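J.: Quick one: the structure is below, and I'll ask about it shortly.
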Amino acid sequence: VVISHQDITERKVAENKLHATSVALQKTLSERNQILDSSLDIICTFNLEGEFLTMSAACQHMLGYTPEELIGFNLSKFVYPEDLDKTVAAATDIRNNIQVPFFENRYVHKNGSLVSLLWSINRDERLKVVFCIAKDVTEKQLLEKAIETERDQFFHMFSKAPSAIGLLKSPDHIFEMANPLFLNIIGRSDIIGKTVKDVLPEIVEQGFI
């Protein structure tokens, strides 16, 4: 077999192009992985069966697992049992191509604690892959729970106060709250969300609300 100088040159050119393309691809993948792994939020993909396909490094500080410990496993393995039904329902909607842009559930950290995640979800119909970003909202939920507890305590104190108290809001003076003593004095019970003018029309002629 005779190989000409031109054939050798063309082969070297092709090899050089292939090498350059390979280097560029590796650089692109490296940069992409660096971007993904620098995110504080989990960035991942899973198939329509719910198995993780890719996972960013954030999973380790958020869930205690390395990407290698999650990839290939079904997400239901790590979901808090009380949230499993709604997670399965959301996964079913995704399989049926029903839009589920945001979803919140709890996962069990490797140390046994609970982590609340808010998911942003987008399905690729062509690839049959689901792309997700998960944000840790555990502290936000704890804060909301604390605020709810304080609010409950306030309402309890408000309802037990020894004075008649009503709380109005907006320039229209709409009743937002009223304790039992206040309701007893005015002889009404269905006042929340109504204006003073509607609840007590007799005071309008007095010139003030």
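In the structure tokens, the first chain shown is A, the next is B, and so on; residue numbers restart at 1 for each chain, and ligands run from 1 in the order shown.
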Which residues in chain A does DSSP call strand (DSSP E)? List them as a PyMOL selection string.

T.: chain A and resi 42-47+52-55+102-108+114-124+129-136+166-169+174-178

J.: From the DSSP assignment of the backbone, select every residue of stretch 38-112 of chain A that is alpha helix (DSSP H), and format the answer as a count of residues only.

T.: 23

J.: Just the number, please: distance in Å from atom CA of A:Pro101 to atom CA of A:Val130, one decimal.

T.: 11.1 Å

J.: List as an MDAnalysis selection string the protein and nucleic acid residues near stretch 68-76 of chain A, meaning an atom at most 10 Å away when only C-alpha atoms are counted, but skip any in the same chain fewer than 4 places from it.

T.: chainID A and resid 44:47 49:57 59:60 64 80:81 83:85 87:88 91 107

J.: For atom CA of A:Gly193 and atom CA of A:Ile165, quote the distance in Å rounded to one decimal.

T.: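 Pair atom CA of A:Gly193 / atom CA of A:Ile165 returns 15.6 Å.
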
J.: Do a neighbour search on A:Ala90 at 8 Å with only C-alpha atoms, toss out local chain neighbours closer than 3 positions, and write the hits as a list of chain:residue names.

T.: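 Non-adjacent residues within range: A:Lys86, A:Thr87, A:Asp93, A:Ile94, A:Val100, A:Phe103.
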
J.: Write the residues of the preceding selection, restricted to all heavy atoms, as a short mmCIF file (atom, residue, chain, number, x, y, z; two decimals), in the first residue's frame.

T.:
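Final output, saved to selection-v5.cif:
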data_model
loop_
_atom_site.label_atom_id
_atom_site.label_comp_id
_atom_site.auth_asym_id
_atom_site.auth_seq_id
_atom_site.Cartn_x
_atom_site.Cartn_y
_atom_site.Cartn_z
N LYS A 86 -46.79 13.16 48.18
CA LYS A 86 -46.89 14.35 47.32
C LYS A 86 -45.73 14.42 46.33
O LYS A 86 -45.88 14.96 45.23
CB LYS A 86 -46.96 15.63 48.17
CG LYS A 86 -45.68 16.03 48.88
CD LYS A 86 -45.87 17.38 49.57
CE LYS A 86 -44.60 17.89 50.21
NZ LYS A 86 -44.80 19.23 50.82
N THR A 87 -44.58 13.82 46.71
CA THR A 87 -43.46 13.77 45.78
C THR A 87 -43.76 12.83 44.62
O THR A 87 -43.48 13.15 43.46
CB THR A 87 -42.18 13.31 46.51
OG1 THR A 87 -41.91 14.20 47.59
CG2 THR A 87 -40.99 13.29 45.57
N ASP A 93 -47.08 13.75 37.65
CA ASP A 93 -47.45 14.89 36.80
C ASP A 93 -46.35 15.18 35.79
O ASP A 93 -46.64 15.45 34.61
CB ASP A 93 -47.70 16.14 37.66
CG ASP A 93 -49.01 16.07 38.42
OD1 ASP A 93 -49.87 15.24 38.05
OD2 ASP A 93 -49.19 16.85 39.38
N ILE A 94 -45.10 15.11 36.24
CA ILE A 94 -43.97 15.37 35.33
C ILE A 94 -43.93 14.33 34.22
O ILE A 94 -43.73 14.65 33.05
CB ILE A 94 -42.65 15.39 36.12
CG1 ILE A 94 -42.62 16.59 37.08
CG2 ILE A 94 -41.45 15.44 35.17
CD1 ILE A 94 -41.47 16.57 38.05
N VAL A 100 -44.92 21.39 36.36
CA VAL A 100 -44.69 21.51 37.81
C VAL A 100 -43.47 22.43 37.99
O VAL A 100 -42.36 21.96 38.23
CB VAL A 100 -44.44 20.14 38.47
CG1 VAL A 100 -44.31 20.30 39.98
CG2 VAL A 100 -45.54 19.15 38.13
N PHE A 103 -41.77 23.14 43.40
CA PHE A 103 -42.24 22.07 44.27
C PHE A 103 -41.38 22.06 45.53
O PHE A 103 -40.17 22.26 45.46
CB PHE A 103 -42.14 20.71 43.56
CG PHE A 103 -42.58 19.55 44.40
CD1 PHE A 103 -43.91 19.34 44.69
CD2 PHE A 103 -41.64 18.66 44.92
CE1 PHE A 103 -44.32 18.28 45.47
CE2 PHE A 103 -42.03 17.60 45.70
CZ PHE A 103 -43.38 17.41 45.97
#

J.: Using only C-alpha atoms, which of the listed residues (A:Lys17, A:Ser159, A:Ile42, A:Met177) sits closest to A:Asp190?

T.: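 Nearest candidate to A:Asp190 out of A:Lys17, A:Ser159, A:Ile42, A:Met177: A:Met177.
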
J.: Counting only C-alpha atoms, which residue out of A:Asp41, A:Phe208, A:Met62, A:Thr92 sits closest to A:Ser120?

T.: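 When distances to A:Ser120 are compared using only C-alpha atoms, the smallest one comes from A:Asp41.
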
J.: Residues at most 7 Å from A:Asp172, counting only C-alpha atoms, excluding those fewer than 2 positions away in the same chain, as a list in words?

T.: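 The contact residues come out as Ser170, Ile174 and Thr195 of chain A.
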
J.: With only C-alpha atoms as the basis for distance, which of A:Lys77, A:His61, A:Arg106, A:His156 is at the shortest distance from A:Thr138?

T.: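 Closest candidate: A:Arg106.
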
J.: I need the residue nearest A:Lys160 from this list: A:Leu181, A:Val204, A:Ala134, A:Ile98. Use only C-alpha atoms for the distance.

T.: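 Looking at the shortest contact to A:Lys160, the residue is A:Leu181.
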
J.: One decimal, Å: what's the distance from atom CA of A:Phe175 over to atom CA of A:Lys140, could you say?

T.: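 The value is 29.6 Å.
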